[in-house]
file query.cif (mmCIF, C-alpha atoms)
data_work
#
loop_
_atom_site.group_PDB
_atom_site.id
_atom_site.type_symbol
_atom_site.label_atom_id
_atom_site.label_comp_id
_atom_site.auth_asym_id
_atom_site.auth_seq_id
_atom_site.Cartn_x
_atom_site.Cartn_y
_atom_site.Cartn_z
ATOM 1 C CA MET A 723 93.515 44.470 -141.010
ATOM 2 C CA HIS A 724 92.488 47.939 -139.831
ATOM 3 C CA LEU A 725 89.328 48.894 -137.939
ATOM 4 C CA TYR A 726 87.496 52.218 -137.826
ATOM 5 C CA PRO A 727 84.457 53.104 -135.693
ATOM 6 C CA ILE A 728 81.873 54.825 -137.895
ATOM 7 C CA GLU A 729 79.347 57.109 -136.206
ATOM 8 C CA THR A 730 76.293 57.225 -138.483
ATOM 9 C CA GLY A 731 74.141 59.482 -136.287
ATOM 10 C CA ASN A 732 72.529 59.577 -132.849
ATOM 11 C CA PHE A 733 68.855 59.348 -131.944
ATOM 12 C CA LYS A 734 66.631 58.743 -128.910
ATOM 13 C CA LEU A 735 64.407 55.889 -127.792
ATOM 14 C CA ASP A 736 61.967 55.352 -124.974
ATOM 15 C CA GLY A 737 63.891 54.277 -121.890
ATOM 16 C CA GLY A 738 61.170 51.958 -120.677
ATOM 17 C CA ALA A 739 61.115 50.103 -123.984
ATOM 18 C CA MET A 740 64.898 49.834 -123.916
ATOM 19 C CA PHE A 741 64.924 48.230 -120.455
ATOM 20 C CA GLY A 742 61.757 46.155 -120.380
ATOM 21 C CA VAL A 743 60.652 45.193 -116.867
ATOM 22 C CA VAL A 744 63.571 46.933 -115.114
ATOM 23 C CA PRO A 745 62.305 49.948 -113.105
ATOM 24 C CA LYS A 746 63.315 53.409 -114.239
ATOM 25 C CA THR A 747 64.848 54.139 -110.831
ATOM 26 C CA LEU A 748 67.472 51.513 -111.677
ATOM 27 C CA TRP A 749 68.163 51.981 -115.386
ATOM 28 C CA GLN A 750 68.320 55.778 -115.264
ATOM 29 C CA ARG A 751 71.522 55.521 -113.203
ATOM 30 C CA THR A 752 73.416 54.521 -116.343
ATOM 31 C CA ASN A 753 71.041 55.832 -119.040
ATOM 32 C CA PRO A 754 69.427 59.066 -117.797
ATOM 33 C CA ALA A 755 66.162 60.008 -119.491
ATOM 34 C CA ASP A 756 64.923 63.431 -120.566
ATOM 35 C CA ASN A 757 61.517 64.872 -119.692
ATOM 36 C CA ASN A 758 59.902 62.668 -122.345
ATOM 37 C CA ASN A 759 61.480 59.502 -120.933
ATOM 38 C CA LEU A 760 63.837 59.295 -123.929
ATOM 39 C CA ILE A 761 67.447 58.134 -123.642
ATOM 40 C CA ASP A 762 70.470 58.781 -125.851
ATOM 41 C CA ILE A 763 71.143 56.109 -128.462
ATOM 42 C CA ALA A 764 73.986 55.799 -130.977
ATOM 43 C CA ALA A 765 74.025 54.095 -134.362
ATOM 44 C CA ARG A 766 77.700 53.147 -134.438
ATOM 45 C CA SER A 767 78.998 50.973 -137.246
ATOM 46 C CA LEU A 768 82.379 49.312 -137.619
ATOM 47 C CA LEU A 769 84.480 49.518 -140.780
ATOM 48 C CA ILE A 770 86.919 46.677 -141.490
ATOM 49 C CA GLU A 771 89.747 47.191 -143.976
ATOM 50 C CA ASP A 772 90.965 43.693 -144.773
ATOM 51 C CA GLY A 773 93.170 43.347 -147.831
ATOM 52 C CA ASN A 774 91.182 44.449 -150.879
ATOM 53 C CA ARG A 775 87.870 44.289 -148.997
ATOM 54 C CA LEU A 776 86.236 47.132 -147.109
ATOM 55 C CA ILE A 777 83.488 45.710 -144.904
ATOM 56 C CA LEU A 778 80.929 47.854 -143.100
ATOM 57 C CA ILE A 779 79.061 46.275 -140.199
ATOM 58 C CA ASP A 780 75.571 47.823 -140.075
ATOM 59 C CA THR A 781 74.625 51.214 -141.535
ATOM 60 C CA GLY A 782 72.361 53.076 -139.104
ATOM 61 C CA LEU A 783 68.946 54.543 -139.873
ATOM 62 C CA GLY A 784 69.769 56.187 -143.206
ATOM 63 C CA ASN A 785 67.975 59.358 -144.297
ATOM 64 C CA LYS A 786 65.220 58.308 -146.700
ATOM 65 C CA GLN A 787 62.316 58.103 -144.256
ATOM 66 C CA SER A 788 59.762 60.882 -143.808
ATOM 67 C CA ASP A 789 60.003 63.719 -141.315
ATOM 68 C CA LYS A 790 57.088 62.099 -139.478
ATOM 69 C CA PHE A 791 59.045 58.867 -139.149
ATOM 70 C CA PHE A 792 62.158 60.571 -137.835
ATOM 71 C CA GLY A 793 59.983 62.650 -135.520
ATOM 72 C CA TYR A 794 59.536 59.516 -133.421
ATOM 73 C CA TYR A 795 63.290 59.049 -133.004
ATOM 74 C CA HIS A 796 64.538 62.583 -132.288
ATOM 75 C CA ARG A 797 67.853 62.554 -134.124
ATOM 76 C CA TRP A 798 70.526 64.683 -132.452
ATOM 77 C CA GLY A 799 74.203 65.567 -132.875
ATOM 78 C CA ASP A 800 76.346 66.149 -135.939
ATOM 79 C CA PHE A 801 77.471 62.641 -136.879
ATOM 80 C CA SER A 802 76.820 61.222 -140.341
ATOM 81 C CA LEU A 803 77.923 58.081 -142.122
ATOM 82 C CA ASP A 804 79.537 59.966 -145.003
ATOM 83 C CA ASP A 805 81.472 62.305 -142.707
ATOM 84 C CA SER A 806 82.691 59.386 -140.600
ATOM 85 C CA LEU A 807 83.800 57.460 -143.689
ATOM 86 C CA ALA A 808 85.617 60.537 -144.982
ATOM 87 C CA LYS A 809 87.368 60.979 -141.640
ATOM 88 C CA ALA A 810 88.637 57.410 -142.001
ATOM 89 C CA GLY A 811 89.793 58.197 -145.553
ATOM 90 C CA PHE A 812 87.045 56.446 -147.494
ATOM 91 C CA HIS A 813 83.903 57.011 -149.543
ATOM 92 C CA ARG A 814 80.739 54.891 -149.569
ATOM 93 C CA ASN A 815 81.617 53.745 -153.098
ATOM 94 C CA ASP A 816 84.747 52.103 -151.652
ATOM 95 C CA ILE A 817 82.667 49.682 -149.566
ATOM 96 C CA THR A 818 82.823 46.140 -150.947
ATOM 97 C CA ASP A 819 80.600 44.423 -148.370
ATOM 98 C CA VAL A 820 77.871 45.459 -145.951
ATOM 99 C CA PHE A 821 77.434 42.919 -143.160
ATOM 100 C CA MET A 822 74.109 43.345 -141.382
ATOM 101 C CA THR A 823 73.811 42.014 -137.835
ATOM 102 C CA HIS A 824 70.058 42.019 -138.437
ATOM 103 C CA LEU A 825 67.507 43.873 -140.520
ATOM 104 C CA HIS A 826 65.761 46.208 -138.084
ATOM 105 C CA PHE A 827 65.635 49.679 -139.619
ATOM 106 C CA ASP A 828 68.187 51.229 -137.246
ATOM 107 C CA HIS A 829 70.755 48.655 -138.371
ATOM 108 C CA CYS A 830 70.153 48.475 -142.127
ATOM 109 C CA GLY A 831 68.255 51.656 -143.057
ATOM 110 C CA GLY A 832 71.424 53.225 -144.438
ATOM 111 C CA CYS A 833 71.825 50.421 -146.998
ATOM 112 C CA ILE A 834 69.160 51.891 -149.283
ATOM 113 C CA GLN A 835 68.599 55.468 -150.454
ATOM 114 C CA TRP A 836 66.351 57.423 -152.784
ATOM 115 C CA ASN A 837 67.435 57.400 -156.419
ATOM 116 C CA LYS A 838 68.420 60.673 -158.062
ATOM 117 C CA ASP A 839 64.859 61.537 -159.148
ATOM 118 C CA ARG A 840 63.315 60.337 -155.857
ATOM 119 C CA THR A 841 61.052 58.037 -157.854
ATOM 120 C CA GLY A 842 62.326 54.874 -156.194
ATOM 121 C CA PHE A 843 65.092 53.354 -154.128
ATOM 122 C CA GLU A 844 68.586 52.130 -154.878
ATOM 123 C CA PRO A 845 71.559 50.695 -152.950
ATOM 124 C CA ALA A 846 73.457 53.388 -151.051
ATOM 125 C CA PHE A 847 76.683 51.420 -151.583
ATOM 126 C CA LYS A 848 76.719 50.779 -155.314
ATOM 127 C CA ASN A 849 79.771 48.501 -155.306
ATOM 128 C CA ALA A 850 78.867 46.439 -152.243
ATOM 129 C CA SER A 851 77.298 43.078 -151.544
ATOM 130 C CA PHE A 852 74.726 42.982 -148.726
ATOM 131 C CA TRP A 853 75.102 40.083 -146.294
ATOM 132 C CA THR A 854 72.482 38.521 -144.016
ATOM 133 C CA ASN A 855 71.418 34.890 -143.481
ATOM 134 C CA LYS A 856 68.484 32.992 -144.976
ATOM 135 C CA LYS A 857 66.681 32.314 -141.709
ATOM 136 C CA HIS A 858 66.779 35.959 -140.678
ATOM 137 C CA TRP A 859 65.836 37.135 -144.182
ATOM 138 C CA LYS A 860 62.723 34.948 -144.093
ATOM 139 C CA TRP A 861 61.937 36.229 -140.592
ATOM 140 C CA ALA A 862 62.285 39.840 -141.774
ATOM 141 C CA THR A 863 60.362 39.541 -145.034
ATOM 142 C CA GLU A 864 57.534 37.534 -143.443
ATOM 143 C CA PRO A 865 57.432 39.485 -140.164
ATOM 144 C CA ASN A 866 55.410 38.766 -137.064
ATOM 145 C CA ALA A 867 53.039 41.500 -135.914
ATOM 146 C CA ARG A 868 55.351 42.509 -133.073
ATOM 147 C CA GLU A 869 58.358 43.232 -135.305
ATOM 148 C CA LYS A 870 56.583 44.360 -138.452
ATOM 149 C CA ALA A 871 57.240 48.043 -137.747
ATOM 150 C CA SER A 872 60.991 47.344 -137.507
ATOM 151 C CA PHE A 873 61.308 45.461 -140.810
ATOM 152 C CA LEU A 874 60.632 48.048 -143.508
ATOM 153 C CA LYS A 875 60.044 46.824 -147.062
ATOM 154 C CA GLU A 876 61.809 49.867 -148.509
ATOM 155 C CA ASN A 877 64.982 48.706 -146.733
ATOM 156 C CA LEU A 878 64.735 45.068 -147.773
ATOM 157 C CA ILE A 879 63.191 44.626 -151.214
ATOM 158 C CA PRO A 880 65.609 46.981 -153.032
ATOM 159 C CA MET A 881 68.518 44.903 -151.716
ATOM 160 C CA GLN A 882 66.991 41.787 -153.217
ATOM 161 C CA GLU A 883 66.124 43.521 -156.479
ATOM 162 C CA SER A 884 69.667 44.872 -156.825
ATOM 163 C CA GLY A 885 71.052 41.350 -157.181
ATOM 164 C CA HIS A 886 73.641 42.157 -154.499
ATOM 165 C CA LEU A 887 71.981 40.289 -151.620
ATOM 166 C CA LYS A 888 74.037 37.374 -150.276
ATOM 167 C CA PHE A 889 73.656 34.922 -147.417
ATOM 168 C CA ILE A 890 75.974 33.708 -144.674
ATOM 169 C CA ASP A 891 75.704 30.000 -143.922
ATOM 170 C CA THR A 892 73.898 29.273 -140.651
ATOM 171 C CA PRO A 893 75.457 26.490 -138.537
ATOM 172 C CA SER A 894 73.395 23.742 -136.948
ATOM 173 C CA SER A 895 74.701 24.710 -133.495
ATOM 174 C CA THR A 896 74.623 28.379 -132.562
ATOM 175 C CA SER A 897 75.724 28.379 -128.917
ATOM 176 C CA THR A 898 79.219 29.697 -129.594
ATOM 177 C CA PHE A 899 81.195 31.694 -132.131
ATOM 178 C CA VAL A 900 81.665 29.868 -135.422
ATOM 179 C CA LYS A 901 83.966 30.442 -138.360
ATOM 180 C CA ASN A 902 82.482 31.440 -141.697
ATOM 181 C CA THR A 903 83.856 31.069 -145.199
ATOM 182 C CA GLU A 904 83.285 34.656 -146.315
ATOM 183 C CA PHE A 905 85.016 36.916 -143.806
ATOM 184 C CA ASN A 906 88.047 36.930 -141.562
ATOM 185 C CA PHE A 907 85.985 36.954 -138.378
ATOM 186 C CA ASP A 908 83.870 34.541 -136.356
ATOM 187 C CA ILE A 909 80.121 34.952 -135.848
ATOM 188 C CA LEU A 910 77.836 34.314 -132.891
ATOM 189 C CA PHE A 911 74.212 33.674 -133.878
ATOM 190 C CA VAL A 912 71.672 34.712 -131.220
ATOM 191 C CA ASP A 913 67.888 34.448 -131.284
ATOM 192 C CA GLY A 914 66.540 36.332 -128.275
ATOM 193 C CA HIS A 915 66.259 39.781 -129.815
ATOM 194 C CA THR A 916 65.278 38.528 -133.257
ATOM 195 C CA GLU A 917 65.823 35.367 -135.288
ATOM 196 C CA LYS A 918 69.501 34.709 -136.102
ATOM 197 C CA GLN A 919 71.054 38.043 -135.214
ATOM 198 C CA MET A 920 74.776 37.829 -136.105
ATOM 199 C CA LEU A 921 77.515 39.203 -133.832
ATOM 200 C CA PRO A 922 81.037 39.404 -135.336
ATOM 201 C CA GLN A 923 84.154 38.698 -133.292
ATOM 202 C CA LEU A 924 87.443 40.063 -134.583
ATOM 203 C CA ARG A 925 91.041 39.551 -133.505
ATOM 204 C CA TYR A 926 92.719 42.957 -133.787
ATOM 205 C CA LYS A 927 96.056 44.106 -132.419
ATOM 206 C CA GLU A 928 96.163 41.109 -130.067
ATOM 207 C CA LYS A 929 92.714 41.824 -128.634
ATOM 208 C CA ASN A 930 89.346 40.136 -129.181
ATOM 209 C CA ILE A 931 86.581 42.574 -130.125
ATOM 210 C CA VAL A 932 82.912 41.588 -130.259
ATOM 211 C CA PHE A 933 80.372 43.797 -132.030
ATOM 212 C CA VAL A 934 77.540 43.196 -129.558
ATOM 213 C CA ALA A 935 74.739 44.934 -131.518
ATOM 214 C CA ASP A 936 71.384 44.339 -129.781
ATOM 215 C CA LEU A 937 72.443 41.541 -127.462
ATOM 216 C CA ILE A 938 73.920 44.228 -125.169
ATOM 217 C CA PRO A 939 72.919 47.624 -126.595
ATOM 218 C CA THR A 940 74.603 49.829 -123.955
ATOM 219 C CA VAL A 941 76.759 49.568 -120.845
ATOM 220 C CA GLY A 942 73.509 49.833 -118.906
ATOM 221 C CA HIS A 943 72.361 46.507 -120.386
ATOM 222 C CA ILE A 944 75.237 44.435 -118.991
ATOM 223 C CA PRO A 945 73.336 43.190 -115.886
ATOM 224 C CA LEU A 946 71.688 39.905 -116.777
ATOM 225 C CA PRO A 947 68.001 40.867 -116.232
ATOM 226 C CA TYR A 948 68.355 44.155 -118.141
ATOM 227 C CA VAL A 949 66.703 42.992 -121.360
ATOM 228 C CA MET A 950 65.002 45.212 -123.916
ATOM 229 C CA GLY A 951 61.240 45.272 -124.277
ATOM 230 C CA TYR A 952 61.880 44.970 -128.016
ATOM 231 C CA ASP A 953 63.260 41.420 -127.704
ATOM 232 C CA THR A 954 60.963 38.768 -129.145
ATOM 233 C CA ARG A 955 62.231 36.028 -126.805
ATOM 234 C CA PRO A 956 63.426 37.720 -123.592
ATOM 235 C CA LEU A 957 64.075 34.461 -121.736
ATOM 236 C CA LYS A 958 66.230 33.326 -124.641
ATOM 237 C CA THR A 959 68.130 36.605 -124.409
ATOM 238 C CA LEU A 960 68.758 35.893 -120.716
ATOM 239 C CA SER A 961 70.378 32.543 -121.452
ATOM 240 C CA GLU A 962 72.341 33.904 -124.422
ATOM 241 C CA LYS A 963 73.611 36.834 -122.351
ATOM 242 C CA GLU A 964 74.652 34.606 -119.462
ATOM 243 C CA ILE A 965 76.718 32.357 -121.711
ATOM 244 C CA PHE A 966 78.235 35.290 -123.577
ATOM 245 C CA LEU A 967 79.058 37.400 -120.501
ATOM 246 C CA ASN A 968 80.911 34.551 -118.822
ATOM 247 C CA GLU A 969 82.806 33.784 -122.012
ATOM 248 C CA ALA A 970 83.624 37.481 -122.410
ATOM 249 C CA VAL A 971 85.256 37.546 -118.968
ATOM 250 C CA ASP A 972 87.107 34.268 -119.446
ATOM 251 C CA LYS A 973 88.474 35.292 -122.846
ATOM 252 C CA ASN A 974 88.905 38.995 -122.113
ATOM 253 C CA TYR A 975 86.632 40.252 -124.868
ATOM 254 C CA TYR A 976 86.336 43.949 -125.625
ATOM 255 C CA LEU A 977 82.669 44.741 -126.229
ATOM 256 C CA PHE A 978 82.084 47.203 -129.083
ATOM 257 C CA PHE A 979 78.778 49.007 -128.563
ATOM 258 C CA GLU A 980 76.534 49.933 -131.459
ATOM 259 C CA HIS A 981 73.924 51.804 -129.412
ATOM 260 C CA ASP A 982 75.774 53.336 -126.452
ATOM 261 C CA ALA A 983 76.034 57.033 -127.304
ATOM 262 C CA HIS A 984 78.661 57.676 -124.632
ATOM 263 C CA ASN A 985 80.808 54.508 -124.518
ATOM 264 C CA GLN A 986 82.438 52.835 -127.494
ATOM 265 C CA LEU A 987 84.066 49.843 -125.800
ATOM 266 C CA CYS A 988 84.230 48.099 -122.450
ATOM 267 C CA THR A 989 85.703 45.146 -120.634
ATOM 268 C CA LEU A 990 83.977 43.022 -117.993
ATOM 269 C CA LYS A 991 84.895 41.405 -114.691
ATOM 270 C CA ARG A 992 83.400 38.685 -112.508
ATOM 271 C CA THR A 993 82.288 39.520 -108.959
ATOM 272 C CA GLU A 994 80.195 37.835 -106.276
ATOM 273 C CA LYS A 995 77.219 39.602 -107.864
ATOM 274 C CA GLY A 996 77.983 38.148 -111.283
ATOM 275 C CA VAL A 997 79.565 39.664 -114.378
ATOM 276 C CA VAL A 998 79.720 43.450 -114.242
ATOM 277 C CA LEU A 999 81.332 46.345 -116.063
ATOM 278 C CA ASP A 1000 85.078 46.642 -115.589
ATOM 279 C CA LYS A 1001 86.285 49.629 -117.625
ATOM 280 C CA THR A 1002 85.043 51.706 -120.562
ATOM 281 C CA TYR A 1003 87.263 52.968 -123.355
ATOM 282 C CA THR A 1004 87.253 55.006 -126.506
ATOM 283 C CA PHE A 1005 88.499 53.162 -129.563
ATOM 284 C CA ASP A 1006 91.549 55.433 -129.796
ATOM 285 C CA GLU A 1007 92.547 54.728 -126.180
ATOM 286 C CA ILE A 1008 92.943 51.047 -126.960
ATOM 287 C CA PHE A 1009 94.085 50.899 -130.541
ATOM 288 C CA ASN A 1010 95.895 54.141 -131.420
#
call {"tool": "encode", "arguments": {"input": "query.cif", "output": "structure tokens"}}
result
Amino acid sequence: MHLYPIETGNFKLDGGAMFGVVPKTLWQRTNPADNNNLIDIAARSLLIEDGNRLILIDTGLGNKQSDKFFGYYHRWGDFSLDDSLAKAGFHRNDITDVFMTHLHFDHCGGCIQWNKDRTGFEPAFKNASFWTNKKHWKWATEPNAREKASFLKENLIPMQESGHLKFIDTPSSTSTFVKNTEFNFDILFVDGHTEKQMLPQLRYKEKNIVFVADLIPTVGHIPLPYVMGYDTRPLKTLSEKEIFLNEAVDKNYYLFFEHDAHNQLCTLKRTEKGVVLDKTYTFDEIFN
């Protein structure tokens, strides 16, 4: 197995929304805001080369939305999914599987693109299967009013119509990482941010890596009460984070951040104040 971090492109989000009830005077210490109260956000995917399979975890925002849409998210920097894949030695047509932690547009928007004539949409990875789970798919395609703006039909329906949509089995108990029959990694199902978000855990070069997605978006979200305003069940997130953070210390997990624009990985430590950041790393520092 080989792993490659894939930078699909950076954007900005409102800092208050990203930190919920936590005061700006606290969260801006780790995530400084600009004059519009916006903070830097990454859309970092992870590419897994495992035998004859090439698995991409999440795909970023994509590029098919209108200028008005992207005007809300202030894209910045020079990263792109295609350039990052090329740097790793691959092309999007090489991808065999796209594993989606969940179906919010900043995690799955890159799965679907305009067709050649811009008359409709098509899969952006023509040789890939798209993986979610049935409970989250139902949640996304029959959205509540609070999340409706995050679940875009143009991202979801073309996947279904392509015939390439597949589902991971959901276990009856979701309090810990569970094995699955499709991929060579374990999955933690969490429900605080959205229904049945899936977090992969991989064993790589004698280290345990967890793709933490929106359970812990950035280093600044490690403290237990630092929960996003976007979460549908913030108290559930609190309990899920507490269990995960303690397990991460006990088992020496390396947290792989999808949304931290300035930190790719970190480790944690336990103190009298609880679980806190230990060290941050680039992927190359640890694995190359």
call {"tool": "atom_distance", "arguments": {"input": "query.cif", "atom1": "CA of Lys790 in chain A", "atom2": "CA of Lys734 in chain A"}}
result
14.6 Å
call {"tool": "closest_atom_pairs", "arguments": {"input": "query.cif", "of": "range 760-878 of chain A", "to": "range 750-753 of chain A", "cutoff": "10 Å", "atoms": "all atoms listed in the file", "output": "CSV"}}
result
residue,atom,partner,partner_atom,distance
A:Leu760,CA,A:Asn753,CA,9.4
A:Ile761,CA,A:Asn753,CA,6.3
A:Asp762,CA,A:Asn753,CA,7.4
A:Ile763,CA,A:Asn753,CA,9.4
call {"tool": "resolve_selection", "arguments": {"input": "query.cif", "expression": "the PyMOL selection byres ((chain A and resi 730) around 10)", "output": "list in words"}}
result
Pro727, Ile728, Glu729, Gly731, Asn732, Ala764, Ala765, Arg766, Ser767, Asp780, Thr781, Gly782, Leu783, Gly784, Asp800, Phe801, Ser802, Leu803, Asp804, Asp805, Ser806, Leu807 and Gly832 of chain A
call {"tool": "residues_near_point", "arguments": {"input": "query.cif", "point": "(85.5, 46.3, -145.8)", "cutoff": "10 Å", "atoms": "all atoms listed in the file", "output": "PDB file with C-alpha atoms, in the coordinates of the input"}}
result
ATOM      1  CA  MET A 723      93.515  44.470-141.010  1.00  0.00           C
ATOM      2  CA  HIS A 724      92.488  47.939-139.831  1.00  0.00           C
ATOM      3  CA  LEU A 725      89.328  48.894-137.939  1.00  0.00           C
ATOM      4  CA  LEU A 768      82.379  49.312-137.619  1.00  0.00           C
ATOM      5  CA  LEU A 769      84.480  49.518-140.780  1.00  0.00           C
ATOM      6  CA  ILE A 770      86.919  46.677-141.490  1.00  0.00           C
ATOM      7  CA  GLU A 771      89.747  47.191-143.976  1.00  0.00           C
ATOM      8  CA  ASP A 772      90.965  43.693-144.773  1.00  0.00           C
ATOM      9  CA  GLY A 773      93.170  43.347-147.831  1.00  0.00           C
ATOM     10  CA  ASN A 774      91.182  44.449-150.879  1.00  0.00           C
ATOM     11  CA  ARG A 775      87.870  44.289-148.997  1.00  0.00           C
ATOM     12  CA  LEU A 776      86.236  47.132-147.109  1.00  0.00           C
ATOM     13  CA  ILE A 777      83.488  45.710-144.904  1.00  0.00           C
ATOM     14  CA  LEU A 778      80.929  47.854-143.100  1.00  0.00           C
ATOM     15  CA  ILE A 779      79.061  46.275-140.199  1.00  0.00           C
ATOM     16  CA  ASP A 816      84.747  52.103-151.652  1.00  0.00           C
ATOM     17  CA  ILE A 817      82.667  49.682-149.566  1.00  0.00           C
ATOM     18  CA  THR A 818      82.823  46.140-150.947  1.00  0.00           C
ATOM     19  CA  ASP A 819      80.600  44.423-148.370  1.00  0.00           C
ATOM     20  CA  VAL A 820      77.871  45.459-145.951  1.00  0.00           C
ATOM     21  CA  PHE A 821      77.434  42.919-143.160  1.00  0.00           C
ATOM     22  CA  ALA A 850      78.867  46.439-152.243  1.00  0.00           C
ATOM     23  CA  PHE A 905      85.016  36.916-143.806  1.00  0.00           C
TER      24      PHE A 905
END
call {"tool": "resolve_selection", "arguments": {"input": "query.cif", "expression": "the PyMOL selection byres ((chain A and resi 981-992) around 7)", "output": "ChimeraX atom specification"}}
result
/A:762-766,939-941,971,975-980,993,996-1005
call {"tool": "write_last_selection", "arguments": {"input": "query.cif", "atoms": "C-alpha atoms", "output": "JSON list (two decimals), in the frame of the given file"}}
result
[["chain", "number", "residue", "atom", "x", "y", "z"],
["A", 762, "ASP", "CA", 70.47, 58.78, -125.85],
["A", 763, "ILE", "CA", 71.14, 56.11, -128.46],
["A", 764, "ALA", "CA", 73.99, 55.80, -130.98],
["A", 765, "ALA", "CA", 74.03, 54.10, -134.36],
["A", 766, "ARG", "CA", 77.70, 53.15, -134.44],
["A", 939, "PRO", "CA", 72.92, 47.62, -126.60],
["A", 940, "THR", "CA", 74.60, 49.83, -123.96],
["A", 941, "VAL", "CA", 76.76, 49.57, -120.84],
["A", 971, "VAL", "CA", 85.26, 37.55, -118.97],
["A", 975, "TYR", "CA", 86.63, 40.25, -124.87],
["A", 976, "TYR", "CA", 86.34, 43.95, -125.62],
["A", 977, "LEU", "CA", 82.67, 44.74, -126.23],
["A", 978, "PHE", "CA", 82.08, 47.20, -129.08],
["A", 979, "PHE", "CA", 78.78, 49.01, -128.56],
["A", 980, "GLU", "CA", 76.53, 49.93, -131.46],
["A", 993, "THR", "CA", 82.29, 39.52, -108.96],
["A", 996, "GLY", "CA", 77.98, 38.15, -111.28],
["A", 997, "VAL", "CA", 79.56, 39.66, -114.38],
["A", 998, "VAL", "CA", 79.72, 43.45, -114.24],
["A", 999, "LEU", "CA", 81.33, 46.34, -116.06],
["A", 1000, "ASP", "CA", 85.08, 46.64, -115.59],
["A", 1001, "LYS", "CA", 86.28, 49.63, -117.62],
["A", 1002, "THR", "CA", 85.04, 51.71, -120.56],
["A", 1003, "TYR", "CA", 87.26, 52.97, -123.36],
["A", 1004, "THR", "CA", 87.25, 55.01, -126.51],
["A", 1005, "PHE", "CA", 88.50, 53.16, -129.56]]
call {"tool": "resolve_selection", "arguments": {"input": "query.cif", "expression": "the PyMOL selection byres ((chain A and resi 897) around 12)", "output": "PyMOL selection string"}}
result
chain A and resi 892-896+898-900+909-913+918+920+958+961-966+969
call {"tool": "decode", "arguments": {"input": "query.cif", "residues": "range 741-757 of chain A", "atoms": "N, CA and C atoms", "output": "JSON list (two decimals), in the first residue's frame"}}
result
[["chain", "number", "residue", "atom", "x", "y", "z"],
["A", 741, "PHE", "N", -16.69, 27.42, 14.32],
["A", 741, "PHE", "CA", -16.41, 27.15, 15.73],
["A", 741, "PHE", "C", -17.63, 27.28, 16.64],
["A", 742, "GLY", "N", -18.80, 27.47, 16.07],
["A", 742, "GLY", "CA", -20.01, 27.42, 16.87],
["A", 742, "GLY", "C", -20.03, 28.43, 18.00],
["A", 743, "VAL", "N", -20.23, 27.95, 19.23],
["A", 743, "VAL", "CA", -20.39, 28.85, 20.38],
["A", 743, "VAL", "C", -19.06, 29.32, 20.97],
["A", 744, "VAL", "N", -17.94, 28.85, 20.44],
["A", 744, "VAL", "CA", -16.64, 29.26, 20.98],
["A", 744, "VAL", "C", -16.36, 30.71, 20.57],
["A", 745, "PRO", "N", -15.98, 31.58, 21.49],
["A", 745, "PRO", "CA", -15.73, 32.99, 21.15],
["A", 745, "PRO", "C", -14.55, 33.16, 20.19],
["A", 746, "LYS", "N", -14.65, 34.16, 19.35],
["A", 746, "LYS", "CA", -13.59, 34.44, 18.38],
["A", 746, "LYS", "C", -12.25, 34.69, 19.05],
["A", 747, "THR", "N", -12.26, 35.32, 20.23],
["A", 747, "THR", "CA", -11.00, 35.60, 20.92],
["A", 747, "THR", "C", -10.23, 34.33, 21.24],
["A", 748, "LEU", "N", -10.93, 33.19, 21.29],
["A", 748, "LEU", "CA", -10.26, 31.92, 21.55],
["A", 748, "LEU", "C", -9.88, 31.21, 20.25],
["A", 749, "TRP", "N", -10.83, 31.07, 19.32],
["A", 749, "TRP", "CA", -10.52, 30.27, 18.13],
["A", 749, "TRP", "C", -9.56, 30.96, 17.17],
["A", 750, "GLN", "N", -9.48, 32.29, 17.22],
["A", 750, "GLN", "CA", -8.58, 32.97, 16.27],
["A", 750, "GLN", "C", -7.10, 32.78, 16.62],
["A", 751, "ARG", "N", -6.82, 32.22, 17.81],
["A", 751, "ARG", "CA", -5.43, 31.93, 18.16],
["A", 751, "ARG", "C", -4.85, 30.85, 17.26],
["A", 752, "THR", "N", -5.67, 29.91, 16.86],
["A", 752, "THR", "CA", -5.20, 28.83, 15.98],
["A", 752, "THR", "C", -5.65, 29.01, 14.54],
["A", 753, "ASN", "N", -6.76, 29.73, 14.34],
["A", 753, "ASN", "CA", -7.34, 29.90, 13.00],
["A", 753, "ASN", "C", -7.65, 31.37, 12.78],
["A", 754, "PRO", "N", -6.62, 32.19, 12.53],
["A", 754, "PRO", "CA", -6.84, 33.64, 12.40],
["A", 754, "PRO", "C", -7.76, 33.98, 11.24],
["A", 755, "ALA", "N", -8.64, 34.95, 11.48],
["A", 755, "ALA", "CA", -9.62, 35.36, 10.47],
["A", 755, "ALA", "C", -9.15, 36.62, 9.75],
["A", 756, "ASP", "N", -9.65, 36.80, 8.52],
["A", 756, "ASP", "CA", -9.37, 38.03, 7.79],
["A", 756, "ASP", "C", -10.41, 39.09, 8.18],
["A", 757, "ASN", "N", -10.41, 40.20, 7.46],
["A", 757, "ASN", "CA", -11.31, 41.30, 7.80],
["A", 757, "ASN", "C", -12.78, 40.96, 7.63]]
